[in-house]
$ cat data-v6.pdb   # PDB, C-alpha atoms and all ligand atoms
ATOM      1  CA  MET A   1     218.479 -27.847  12.038  1.00  0.00           C
ATOM      2  CA  ILE A   2     221.336 -29.709  10.465  1.00  0.00           C
ATOM      3  CA  ARG A   3     221.645 -33.390  11.203  1.00  0.00           C
ATOM      4  CA  MET A   4     224.457 -35.597  10.220  1.00  0.00           C
ATOM      5  CA  SER A   5     223.115 -38.644   8.553  1.00  0.00           C
ATOM      6  CA  ARG A   6     225.068 -41.824   8.337  1.00  0.00           C
ATOM      7  CA  GLY A   7     224.229 -44.800   6.235  1.00  0.00           C
ATOM      8  CA  LEU A   8     220.764 -45.380   4.878  1.00  0.00           C
ATOM      9  CA  PRO A   9     217.905 -42.911   5.339  1.00  0.00           C
ATOM     10  CA  ALA A  10     215.324 -44.079   7.869  1.00  0.00           C
ATOM     11  CA  SER A  11     212.760 -44.743   5.140  1.00  0.00           C
ATOM     12  CA  ALA A  12     215.051 -47.327   3.539  1.00  0.00           C
ATOM     13  CA  ILE A  13     215.535 -49.383   6.690  1.00  0.00           C
ATOM     14  CA  ARG A  14     211.927 -49.388   7.777  1.00  0.00           C
ATOM     15  CA  GLU A  15     210.423 -52.841   8.261  1.00  0.00           C
ATOM     16  CA  PRO A  16     208.425 -54.212   5.347  1.00  0.00           C
ATOM     17  CA  GLN A  17     204.707 -53.407   5.474  1.00  0.00           C
ATOM     18  CA  ARG A  18     203.069 -56.109   7.555  1.00  0.00           C
ATOM     19  CA  GLU A  19     199.441 -57.098   7.447  1.00  0.00           C
ATOM     20  CA  LEU A  20     197.600 -57.654  10.709  1.00  0.00           C
ATOM     21  CA  SER A  21     196.803 -61.241  11.678  1.00  0.00           C
ATOM     22  CA  GLY A  22     193.272 -62.555  11.289  1.00  0.00           C
ATOM     23  CA  PRO A  23     191.241 -65.283   9.599  1.00  0.00           C
ATOM     24  CA  HIS A  24     191.818 -63.820   6.106  1.00  0.00           C
ATOM     25  CA  TRP A  25     195.317 -65.328   6.372  1.00  0.00           C
ATOM     26  CA  CYS A  26     193.906 -68.856   6.567  1.00  0.00           C
ATOM     27  CA  ASP A  27     193.100 -69.129   2.865  1.00  0.00           C
ATOM     28  CA  ARG A  28     196.669 -68.298   1.922  1.00  0.00           C
ATOM     29  CA  PHE A  29     199.351 -70.967   1.592  1.00  0.00           C
ATOM     30  CA  PRO A  30     196.672 -73.667   1.197  1.00  0.00           C
ATOM     31  CA  GLY A  31     197.381 -77.263   2.049  1.00  0.00           C
ATOM     32  CA  ASP A  32     197.044 -79.988  -0.549  1.00  0.00           C
ATOM     33  CA  ARG A  33     194.897 -83.120  -0.681  1.00  0.00           C
ATOM     34  CA  THR A  34     196.383 -84.882  -3.669  1.00  0.00           C
ATOM     35  CA  THR A  35     199.138 -87.470  -3.888  1.00  0.00           C
ATOM     36  CA  ALA A  36     200.878 -85.327  -6.544  1.00  0.00           C
ATOM     37  CA  THR A  37     202.591 -83.216  -3.878  1.00  0.00           C
ATOM     38  CA  LEU A  38     204.014 -86.203  -1.996  1.00  0.00           C
ATOM     39  CA  ARG A  39     207.704 -86.929  -2.250  1.00  0.00           C
ATOM     40  CA  GLN A  40     209.005 -90.091  -3.879  1.00  0.00           C
ATOM     41  CA  PRO A  41     209.240 -92.935  -3.077  1.00  0.00           C
ATOM     42  CA  PHE A  42     206.452 -92.309  -0.546  1.00  0.00           C
ATOM     43  CA  ARG A  43     204.104 -91.111  -3.303  1.00  0.00           C
ATOM     44  CA  ARG A  44     204.471 -94.389  -5.206  1.00  0.00           C
ATOM     45  CA  GLY A  45     203.798 -96.397  -2.050  1.00  0.00           C
ATOM     46  CA  VAL A  46     200.713 -94.359  -1.146  1.00  0.00           C
ATOM     47  CA  ILE A  47     199.235 -94.691  -4.626  1.00  0.00           C
ATOM     48  CA  ALA A  48     199.841 -98.464  -4.668  1.00  0.00           C
ATOM     49  CA  PHE A  49     198.351 -98.855  -1.167  1.00  0.00           C
ATOM     50  CA  ILE A  50     195.251 -96.820  -1.993  1.00  0.00           C
ATOM     51  CA  THR A  51     194.826 -98.679  -5.280  1.00  0.00           C
ATOM     52  CA  ALA A  52     194.994-102.037  -3.463  1.00  0.00           C
ATOM     53  CA  LEU A  53     192.436-100.851  -0.909  1.00  0.00           C
ATOM     54  CA  GLU A  54     190.035 -99.572  -3.538  1.00  0.00           C
ATOM     55  CA  ARG A  55     190.372-102.768  -5.571  1.00  0.00           C
ATOM     56  CA  ALA A  56     189.377-104.656  -2.444  1.00  0.00           C
ATOM     57  CA  GLY A  57     186.265-102.505  -2.067  1.00  0.00           C
ATOM     58  CA  ALA A  58     187.437-100.059   0.600  1.00  0.00           C
ATOM     59  CA  HIS A  59     186.698 -96.364   0.379  1.00  0.00           C
ATOM     60  CA  VAL A  60     189.622 -94.003   0.923  1.00  0.00           C
ATOM     61  CA  SER A  61     189.191 -90.282   1.452  1.00  0.00           C
ATOM     62  CA  ILE A  62     192.237 -88.049   1.685  1.00  0.00           C
ATOM     63  CA  ALA A  63     192.020 -85.090   4.058  1.00  0.00           C
ATOM     64  CA  SER A  64     195.556 -83.736   3.739  1.00  0.00           C
ATOM     65  CA  THR A  65     198.894 -84.418   2.083  1.00  0.00           C
ATOM     66  CA  HIS A  66     201.463 -81.663   1.659  1.00  0.00           C
ATOM     67  CA  ARG A  67     201.321 -78.661   3.999  1.00  0.00           C
ATOM     68  CA  PRO A  68     203.482 -75.625   3.177  1.00  0.00           C
ATOM     69  CA  ILE A  69     205.772 -74.472   6.001  1.00  0.00           C
ATOM     70  CA  GLU A  70     204.056 -71.065   5.825  1.00  0.00           C
ATOM     71  CA  ARG A  71     200.714 -72.681   6.681  1.00  0.00           C
ATOM     72  CA  ALA A  72     202.251 -74.694   9.518  1.00  0.00           C
ATOM     73  CA  TYR A  73     203.831 -71.495  10.876  1.00  0.00           C
ATOM     74  CA  LEU A  74     200.543 -69.557  10.820  1.00  0.00           C
ATOM     75  CA  MET A  75     198.688 -72.448  12.465  1.00  0.00           C
ATOM     76  CA  ARG A  76     201.292 -72.911  15.172  1.00  0.00           C
ATOM     77  CA  CYS A  77     201.507 -69.215  16.062  1.00  0.00           C
ATOM     78  CA  ALA A  78     197.702 -68.961  16.256  1.00  0.00           C
ATOM     79  CA  TRP A  79     197.676 -72.070  18.472  1.00  0.00           C
ATOM     80  CA  ASP A  80     200.389 -70.713  20.790  1.00  0.00           C
ATOM     81  CA  VAL A  81     198.739 -67.311  21.252  1.00  0.00           C
ATOM     82  CA  PHE A  82     195.260 -68.804  21.690  1.00  0.00           C
ATOM     83  CA  HIS A  83     196.577 -71.086  24.450  1.00  0.00           C
ATOM     84  CA  HIS A  84     198.649 -68.267  25.974  1.00  0.00           C
ATOM     85  CA  LYS A  85     201.866 -70.178  25.272  1.00  0.00           C
ATOM     86  CA  ALA A  86     203.407 -67.210  23.454  1.00  0.00           C
ATOM     87  CA  ARG A  87     203.001 -63.457  23.336  1.00  0.00           C
ATOM     88  CA  PRO A  88     202.133 -61.990  19.928  1.00  0.00           C
ATOM     89  CA  GLY A  89     205.168 -59.683  20.158  1.00  0.00           C
ATOM     90  CA  ASN A  90     207.569 -62.579  20.743  1.00  0.00           C
ATOM     91  CA  LEU A  91     206.500 -64.828  17.874  1.00  0.00           C
ATOM     92  CA  PRO A  92     209.215 -65.773  15.403  1.00  0.00           C
ATOM     93  CA  ARG A  93     209.241 -64.373  11.887  1.00  0.00           C
ATOM     94  CA  LEU A  94     209.085 -66.493   8.780  1.00  0.00           C
ATOM     95  CA  PRO A  95     210.467 -65.047   5.529  1.00  0.00           C
ATOM     96  CA  GLY A  96     207.721 -64.586   2.971  1.00  0.00           C
ATOM     97  CA  VAL A  97     204.948 -64.269   5.575  1.00  0.00           C
ATOM     98  CA  ASP A  98     204.612 -60.563   6.348  1.00  0.00           C
ATOM     99  CA  ILE A  99     202.090 -60.951   9.127  1.00  0.00           C
ATOM    100  CA  GLU A 100     201.833 -58.556  12.057  1.00  0.00           C
ATOM    101  CA  TRP A 101     200.739 -60.429  15.151  1.00  0.00           C
ATOM    102  CA  VAL A 102     200.619 -57.340  17.366  1.00  0.00           C
ATOM    103  CA  HIS A 103     197.346 -55.401  17.179  1.00  0.00           C
ATOM    104  CA  PRO A 104     196.710 -52.096  18.977  1.00  0.00           C
ATOM    105  CA  THR A 105     195.525 -53.954  22.090  1.00  0.00           C
ATOM    106  CA  PRO A 106     196.442 -57.371  23.605  1.00  0.00           C
ATOM    107  CA  GLU A 107     192.763 -58.343  23.410  1.00  0.00           C
ATOM    108  CA  ALA A 108     192.651 -57.646  19.678  1.00  0.00           C
ATOM    109  CA  SER A 109     195.881 -59.626  19.150  1.00  0.00           C
ATOM    110  CA  TRP A 110     194.447 -62.627  20.993  1.00  0.00           C
ATOM    111  CA  GLU A 111     191.065 -62.332  19.247  1.00  0.00           C
ATOM    112  CA  ALA A 112     192.710 -62.402  15.814  1.00  0.00           C
ATOM    113  CA  CYS A 113     194.517 -65.618  16.760  1.00  0.00           C
ATOM    114  CA  ARG A 114     191.332 -67.117  18.170  1.00  0.00           C
ATOM    115  CA  ALA A 115     189.581 -66.454  14.859  1.00  0.00           C
ATOM    116  CA  MET A 116     192.459 -68.092  12.944  1.00  0.00           C
ATOM    117  CA  TYR A 117     192.430 -71.045  15.344  1.00  0.00           C
ATOM    118  CA  GLU A 118     188.747 -71.623  14.634  1.00  0.00           C
ATOM    119  CA  ARG A 119     189.037 -71.090  10.906  1.00  0.00           C
ATOM    120  CA  TYR A 120     191.806 -73.693  10.743  1.00  0.00           C
ATOM    121  CA  SER A 121     189.705 -76.036  12.953  1.00  0.00           C
ATOM    122  CA  LEU A 122     192.790 -76.777  15.038  1.00  0.00           C
ATOM    123  CA  ARG A 123     192.508 -79.758  17.350  1.00  0.00           C
ATOM    124  CA  HIS A 124     196.114 -80.815  17.807  1.00  0.00           C
ATOM    125  CA  LYS A 125     199.153 -78.618  18.305  1.00  0.00           C
ATOM    126  CA  PRO A 126     200.470 -77.974  14.782  1.00  0.00           C
ATOM    127  CA  SER A 127     204.026 -79.190  14.311  1.00  0.00           C
ATOM    128  CA  LEU A 128     206.663 -77.100  12.578  1.00  0.00           C
ATOM    129  CA  THR A 129     208.589 -80.248  11.695  1.00  0.00           C
ATOM    130  CA  SER A 130     205.614 -82.296  10.498  1.00  0.00           C
ATOM    131  CA  ARG A 131     206.187 -84.906   7.836  1.00  0.00           C
ATOM    132  CA  HIS A 132     203.382 -83.153   5.942  1.00  0.00           C
ATOM    133  CA  ILE A 133     205.693 -80.174   5.345  1.00  0.00           C
ATOM    134  CA  GLU A 134     208.199 -82.500   3.691  1.00  0.00           C
ATOM    135  CA  GLY A 135     205.554 -84.245   1.578  1.00  0.00           C
ATOM    136  CA  ARG A 136     206.122 -87.435   3.535  1.00  0.00           C
ATOM    137  CA  ALA A 137     202.707 -87.814   5.234  1.00  0.00           C
ATOM    138  CA  ILE A 138     199.057 -88.280   4.377  1.00  0.00           C
ATOM    139  CA  ASP A 139     195.890 -87.969   6.448  1.00  0.00           C
ATOM    140  CA  MET A 140     193.212 -90.297   5.143  1.00  0.00           C
ATOM    141  CA  ALA A 141     190.173 -92.216   6.270  1.00  0.00           C
ATOM    142  CA  VAL A 142     189.845 -95.843   5.185  1.00  0.00           C
ATOM    143  CA  VAL A 143     186.390 -97.374   5.429  1.00  0.00           C
ATOM    144  CA  TRP A 144     184.887-100.661   4.311  1.00  0.00           C
ATOM    145  CA  GLY A 145     181.995-102.930   5.147  1.00  0.00           C
ATOM    146  CA  GLY A 146     182.119-106.615   6.119  1.00  0.00           C
ATOM    147  CA  THR A 147     185.348-108.448   5.359  1.00  0.00           C
ATOM    148  CA  ILE A 148     187.590-107.477   2.449  1.00  0.00           C
ATOM    149  CA  THR A 149     190.700-109.091   0.998  1.00  0.00           C
ATOM    150  CA  VAL A 150     193.560-106.734   0.239  1.00  0.00           C
ATOM    151  CA  GLN A 151     196.779-107.587  -1.540  1.00  0.00           C
ATOM    152  CA  ASP A 152     199.889-106.300   0.205  1.00  0.00           C
ATOM    153  CA  ALA A 153     203.050-105.127  -1.585  1.00  0.00           C
ATOM    154  CA  ASN A 154     204.487-108.661  -1.390  1.00  0.00           C
ATOM    155  CA  GLY A 155     201.490-110.134  -3.195  1.00  0.00           C
ATOM    156  CA  ARG A 156     200.071-111.676  -0.033  1.00  0.00           C
ATOM    157  CA  LYS A 157     196.294-111.567   0.328  1.00  0.00           C
ATOM    158  CA  VAL A 158     195.200-110.250   3.702  1.00  0.00           C
ATOM    159  CA  SER A 159     191.691-110.434   4.972  1.00  0.00           C
ATOM    160  CA  LEU A 160     190.473-107.397   6.886  1.00  0.00           C
ATOM    161  CA  SER A 161     187.371-107.381   9.014  1.00  0.00           C
ATOM    162  CA  THR A 162     185.645-104.499  10.706  1.00  0.00           C
ATOM    163  CA  ALA A 163     185.796-106.177  14.116  1.00  0.00           C
ATOM    164  CA  GLN A 164     188.280-103.607  15.433  1.00  0.00           C
ATOM    165  CA  GLY A 165     186.957-100.720  13.370  1.00  0.00           C
ATOM    166  CA  THR A 166     188.542 -99.918  10.039  1.00  0.00           C
ATOM    167  CA  ASP A 167     191.084 -97.104  10.382  1.00  0.00           C
ATOM    168  CA  MET A 168     192.628 -98.518  13.540  1.00  0.00           C
ATOM    169  CA  ASN A 169     192.757-102.131  12.343  1.00  0.00           C
ATOM    170  CA  PRO A 170     196.311-103.421  13.083  1.00  0.00           C
ATOM    171  CA  GLU A 171     196.212-105.693  10.034  1.00  0.00           C
ATOM    172  CA  LEU A 172     195.435-102.691   7.837  1.00  0.00           C
ATOM    173  CA  HIS A 173     198.495-101.013   9.340  1.00  0.00           C
ATOM    174  CA  GLN A 174     200.613-104.079   8.521  1.00  0.00           C
ATOM    175  CA  VAL A 175     199.432-103.990   4.920  1.00  0.00           C
ATOM    176  CA  GLY A 176     200.270-100.270   4.724  1.00  0.00           C
ATOM    177  CA  ALA A 177     203.767-100.941   6.048  1.00  0.00           C
ATOM    178  CA  THR A 178     204.519-103.309   3.155  1.00  0.00           C
ATOM    179  CA  TYR A 179     203.903-100.335   0.845  1.00  0.00           C
ATOM    180  CA  GLY A 180     206.133 -98.064   2.965  1.00  0.00           C
ATOM    181  CA  VAL A 181     203.072 -96.272   4.359  1.00  0.00           C
ATOM    182  CA  ILE A 182     203.459 -96.386   8.139  1.00  0.00           C
ATOM    183  CA  LYS A 183     200.665 -95.685  10.604  1.00  0.00           C
ATOM    184  CA  LEU A 184     201.041 -93.251  13.480  1.00  0.00           C
ATOM    185  CA  VAL A 185     198.622 -94.942  15.865  1.00  0.00           C
ATOM    186  CA  SER A 186     198.246 -91.910  18.165  1.00  0.00           C
ATOM    187  CA  ASP A 187     196.918 -89.789  15.273  1.00  0.00           C
ATOM    188  CA  PRO A 188     194.035 -91.699  13.633  1.00  0.00           C
ATOM    189  CA  PRO A 189     194.121 -90.262  10.081  1.00  0.00           C
ATOM    190  CA  HIS A 190     197.924 -89.928   9.884  1.00  0.00           C
ATOM    191  CA  TRP A 191     200.306 -92.131   7.904  1.00  0.00           C
ATOM    192  CA  SER A 192     203.857 -91.308   6.841  1.00  0.00           C
ATOM    193  CA  ASP A 193     207.032 -92.849   5.459  1.00  0.00           C
ATOM    194  CA  ASP A 194     208.457 -93.456   8.942  1.00  0.00           C
ATOM    195  CA  GLY A 195     205.429 -93.453  11.227  1.00  0.00           C
ATOM    196  CA  ARG A 196     206.060 -89.931  12.527  1.00  0.00           C
TER     197      ARG A 196
HETATM  198 ZN    ZN B 201     198.852 -85.960   9.416  1.00  0.00          ZN
END

$ encode --input "data-v6.pdb" --output "structure tokens" --more "lines below"
Ligand SMILES: [Zn+2]
Amino acid sequence: MIRMSRGLPASAIREPQRELSGPHWCDRFPGDRTTATLRQPFRRGVIAFITALERAGAHVSIASTHRPIERAYLMRCAWDVFHHKARPGNLPRLPGVDIEWVHPTPEASWEACRAMYERYSLRHKPSLTSRHIEGRAIDMAVVWGGTITVQDANGRKVSLSTAQGTDMNPELHQVGATYGVIKLVSDPPHWSDDGR
């Protein structure tokens, strides 16, 4: 049989090899927990704020700083499929992430996303426009005992008690703001350069 062929042979236009979704993807594109990946001038403000808190006797533990867009994409897709907000076959593609969301059966596709969802310990819907992706946000816990005196960025000494808890203390948030580190009150560990 003679066939006329036009353009590229089929083998050249085949889709790139994609790897099926599953929890093994979760270790790739890791998030960061250091201030080194934060963007300036936010990084400077965060370091100064944390330094002031530690000098005052508070304990600060950082859970997350920069999150690569690839990680946010994987988290969000897993979230959407797990909650039946999207079909695996309709998920968007992200260049550089050759993941195949469609398994041989719908059950297997959903199960792979469920396993990713659990591995990521997702509790909130992951944002694709999060300040973390831009290096403009930090998740941290701030804890202290009794009353401490923290110096804000203007040199003012502010006394912080534990009466209202530590992380959600409005005076702590005011001190952070002087350093350009703004609290997002609806998301307890989250601070950013604009409160989003
Ligand atoms: Zn956050």

$ resolve_selection --input "data-v6.pdb" --expression "the PyMOL selection byres (((chain A and resi 92) around 12) and not hetatm)" --output "PyMOL selection string"
chain A and resi 73-74+76-78+80+86-91+93-95+97-101+128

$ resolve_selection --input "data-v6.pdb" --expression "the PyMOL selection byres (((chain A and resi 185) around 12) and not hetatm)" --output "list in words"
Asp167, Met168, Asn169, Pro170, Leu172, His173, Gln174, Ile182, Lys183, Leu184, Ser186, Asp187, Pro188, Pro189, His190, Trp191, Ser192, Gly195 and Arg196 of chain A

$ residues_near_point --input "data-v6.pdb" --point "(187.0, -96.7, 3.9)" --cutoff "12 Å" --atoms "all atoms listed in the file" --output "ChimeraX atom specification"
/A:50,53-62,140-148,160-162,165-169,172,189

$ write_last_selection --input "data-v6.pdb" --atoms "C-alpha atoms" --output "PDB file, in the coordinates of the input"
ATOM      1  CA  ILE A  50     195.251 -96.820  -1.993  1.00  0.00           C
ATOM      2  CA  LEU A  53     192.436-100.851  -0.909  1.00  0.00           C
ATOM      3  CA  GLU A  54     190.035 -99.572  -3.538  1.00  0.00           C
ATOM      4  CA  ARG A  55     190.372-102.768  -5.571  1.00  0.00           C
ATOM      5  CA  ALA A  56     189.377-104.656  -2.444  1.00  0.00           C
ATOM      6  CA  GLY A  57     186.265-102.505  -2.067  1.00  0.00           C
ATOM      7  CA  ALA A  58     187.437-100.059   0.600  1.00  0.00           C
ATOM      8  CA  HIS A  59     186.698 -96.364   0.379  1.00  0.00           C
ATOM      9  CA  VAL A  60     189.622 -94.003   0.923  1.00  0.00           C
ATOM     10  CA  SER A  61     189.191 -90.282   1.452  1.00  0.00           C
ATOM     11  CA  ILE A  62     192.237 -88.049   1.685  1.00  0.00           C
ATOM     12  CA  MET A 140     193.212 -90.297   5.143  1.00  0.00           C
ATOM     13  CA  ALA A 141     190.173 -92.216   6.270  1.00  0.00           C
ATOM     14  CA  VAL A 142     189.845 -95.843   5.185  1.00  0.00           C
ATOM     15  CA  VAL A 143     186.390 -97.374   5.429  1.00  0.00           C
ATOM     16  CA  TRP A 144     184.887-100.661   4.311  1.00  0.00           C
ATOM     17  CA  GLY A 145     181.995-102.930   5.147  1.00  0.00           C
ATOM     18  CA  GLY A 146     182.119-106.615   6.119  1.00  0.00           C
ATOM     19  CA  THR A 147     185.348-108.448   5.359  1.00  0.00           C
ATOM     20  CA  ILE A 148     187.590-107.477   2.449  1.00  0.00           C
ATOM     21  CA  LEU A 160     190.473-107.397   6.886  1.00  0.00           C
ATOM     22  CA  SER A 161     187.371-107.381   9.014  1.00  0.00           C
ATOM     23  CA  THR A 162     185.645-104.499  10.706  1.00  0.00           C
ATOM     24  CA  GLY A 165     186.957-100.720  13.370  1.00  0.00           C
ATOM     25  CA  THR A 166     188.542 -99.918  10.039  1.00  0.00           C
ATOM     26  CA  ASP A 167     191.084 -97.104  10.382  1.00  0.00           C
ATOM     27  CA  MET A 168     192.628 -98.518  13.540  1.00  0.00           C
ATOM     28  CA  ASN A 169     192.757-102.131  12.343  1.00  0.00           C
ATOM     29  CA  LEU A 172     195.435-102.691   7.837  1.00  0.00           C
ATOM     30  CA  PRO A 189     194.121 -90.262  10.081  1.00  0.00           C
TER      31      PRO A 189
END

$ resolve_selection --input "data-v6.pdb" --expression "the PyMOL selection byres (((chain A and resi 31) around 10) and not hetatm)" --output "ChimeraX atom specification"
/A:27-30,32-34,37,63-72,132-133

$ closest_residue --input "data-v6.pdb" --among "A:Arg18, A:Asp193, A:Ile138, A:Val158" --to "ligand ZN 201 (chain B)" --atoms "all atoms listed in the file"
A:Ile138

$ closest_residue --input "data-v6.pdb" --among "A:Asp139, A:Phe82, A:Ala163, A:Asp152" --to "ligand ZN 201 (chain B)" --atoms "only C-alpha atoms and all ligand atoms"
A:Asp139

$ closest_residue --input "data-v6.pdb" --among "A:Arg156, A:Arg136, A:Arg43, A:Arg119" --to "ligand ZN 201 (chain B)" --atoms "all atoms listed in the file"
A:Arg136

$ closest_residue --input "data-v6.pdb" --among "A:Gly96, A:Ser21, A:Ser159, A:Gln151" --to "A:Trp110" --atoms "only C-alpha atoms"
A:Ser21

$ residues_around --input "data-v6.pdb" --residues "A:Gly22" --least-positions-apart "2" --cutoff "7 Å" --atoms "only C-alpha atoms" --output "PyMOL selection string"
chain A and resi 20+24-25+112-113+115-116

$ atom_distance --input "data-v6.pdb" --atom1 "atom CA of A:Ala36" --atom2 "atom CA of A:Gly155"
25.0 Å

$ closest_residue --input "data-v6.pdb" --among "A:Leu122, A:Ala177, A:Cys26, A:Ala137" --to "A:Trp79" --atoms "all atoms listed in the file"
A:Leu122

$ axis_aligned_box --input "data-v6.pdb" --around "stretch 147-157 of chain A" --padding-each-side "6 Å" --output "lines of an AutoDock Vina configuration file"
center_x = 194.9
center_y = -108.4
center_z = 1.1
size_x = 31.1
size_y = 18.5
size_z = 20.6

$ atom_distance --input "data-v6.pdb" --atom1 "atom CA of A:Ser121" --atom2 "atom CA of A:Thr105"
24.6 Å

$ decode --input "data-v6.pdb" --residues "stretch 149-161 of chain A" --atoms "N, CA, C and O atoms" --output "PDB file, in the first residue's frame"
ATOM      1  N   THR A 149       8.971  41.591  75.169  1.00  0.00           N
ATOM      2  CA  THR A 149       9.047  42.942  74.620  1.00  0.00           C
ATOM      3  C   THR A 149       9.824  42.895  73.314  1.00  0.00           C
ATOM      4  O   THR A 149      11.004  42.555  73.295  1.00  0.00           O
ATOM      5  N   VAL A 150       9.144  43.215  72.247  1.00  0.00           N
ATOM      6  CA  VAL A 150       9.737  43.137  70.906  1.00  0.00           C
ATOM      7  C   VAL A 150       9.923  44.537  70.366  1.00  0.00           C
ATOM      8  O   VAL A 150       9.072  45.405  70.560  1.00  0.00           O
ATOM      9  N   GLN A 151      11.042  44.734  69.660  1.00  0.00           N
ATOM     10  CA  GLN A 151      11.279  46.038  69.044  1.00  0.00           C
ATOM     11  C   GLN A 151      10.742  46.013  67.614  1.00  0.00           C
ATOM     12  O   GLN A 151      11.098  45.110  66.847  1.00  0.00           O
ATOM     13  N   ASP A 152       9.904  46.986  67.271  1.00  0.00           N
ATOM     14  CA  ASP A 152       9.408  47.010  65.893  1.00  0.00           C
ATOM     15  C   ASP A 152      10.419  47.715  64.984  1.00  0.00           C
ATOM     16  O   ASP A 152      11.470  48.179  65.443  1.00  0.00           O
ATOM     17  N   ALA A 153      10.093  47.824  63.693  1.00  0.00           N
ATOM     18  CA  ALA A 153      11.055  48.364  62.726  1.00  0.00           C
ATOM     19  C   ALA A 153      11.306  49.855  62.943  1.00  0.00           C
ATOM     20  O   ALA A 153      12.280  50.408  62.427  1.00  0.00           O
ATOM     21  N   ASN A 154      10.430  50.512  63.720  1.00  0.00           N
ATOM     22  CA  ASN A 154      10.615  51.936  64.008  1.00  0.00           C
ATOM     23  C   ASN A 154      11.340  52.158  65.335  1.00  0.00           C
ATOM     24  O   ASN A 154      11.445  53.286  65.800  1.00  0.00           O
ATOM     25  N   GLY A 155      11.789  51.064  65.946  1.00  0.00           N
ATOM     26  CA  GLY A 155      12.530  51.179  67.197  1.00  0.00           C
ATOM     27  C   GLY A 155      11.631  51.240  68.424  1.00  0.00           C
ATOM     28  O   GLY A 155      12.107  51.406  69.540  1.00  0.00           O
ATOM     29  N   ARG A 156      10.333  51.102  68.206  1.00  0.00           N
ATOM     30  CA  ARG A 156       9.394  51.156  69.331  1.00  0.00           C
ATOM     31  C   ARG A 156       9.366  49.800  70.021  1.00  0.00           C
ATOM     32  O   ARG A 156       9.369  48.762  69.362  1.00  0.00           O
ATOM     33  N   LYS A 157       9.327  49.806  71.345  1.00  0.00           N
ATOM     34  CA  LYS A 157       9.266  48.544  72.082  1.00  0.00           C
ATOM     35  C   LYS A 157       7.806  48.206  72.361  1.00  0.00           C
ATOM     36  O   LYS A 157       7.067  49.019  72.907  1.00  0.00           O
ATOM     37  N   VAL A 158       7.429  47.014  71.955  1.00  0.00           N
ATOM     38  CA  VAL A 158       6.027  46.589  72.075  1.00  0.00           C
ATOM     39  C   VAL A 158       5.959  45.364  72.959  1.00  0.00           C
ATOM     40  O   VAL A 158       6.717  44.403  72.779  1.00  0.00           O
ATOM     41  N   SER A 159       5.065  45.428  73.933  1.00  0.00           N
ATOM     42  CA  SER A 159       4.964  44.308  74.836  1.00  0.00           C
ATOM     43  C   SER A 159       3.847  43.361  74.366  1.00  0.00           C
ATOM     44  O   SER A 159       2.743  43.777  74.027  1.00  0.00           O
ATOM     45  N   LEU A 160       4.204  42.100  74.262  1.00  0.00           N
ATOM     46  CA  LEU A 160       3.265  41.096  73.753  1.00  0.00           C
ATOM     47  C   LEU A 160       2.979  40.071  74.830  1.00  0.00           C
ATOM     48  O   LEU A 160       3.892  39.454  75.376  1.00  0.00           O
ATOM     49  N   SER A 161       1.704  39.891  75.105  1.00  0.00           N
ATOM     50  CA  SER A 161       1.331  38.871  76.090  1.00  0.00           C
ATOM     51  C   SER A 161       0.788  37.651  75.348  1.00  0.00           C
ATOM     52  O   SER A 161       0.697  37.651  74.121  1.00  0.00           O
TER      53      SER A 161
END
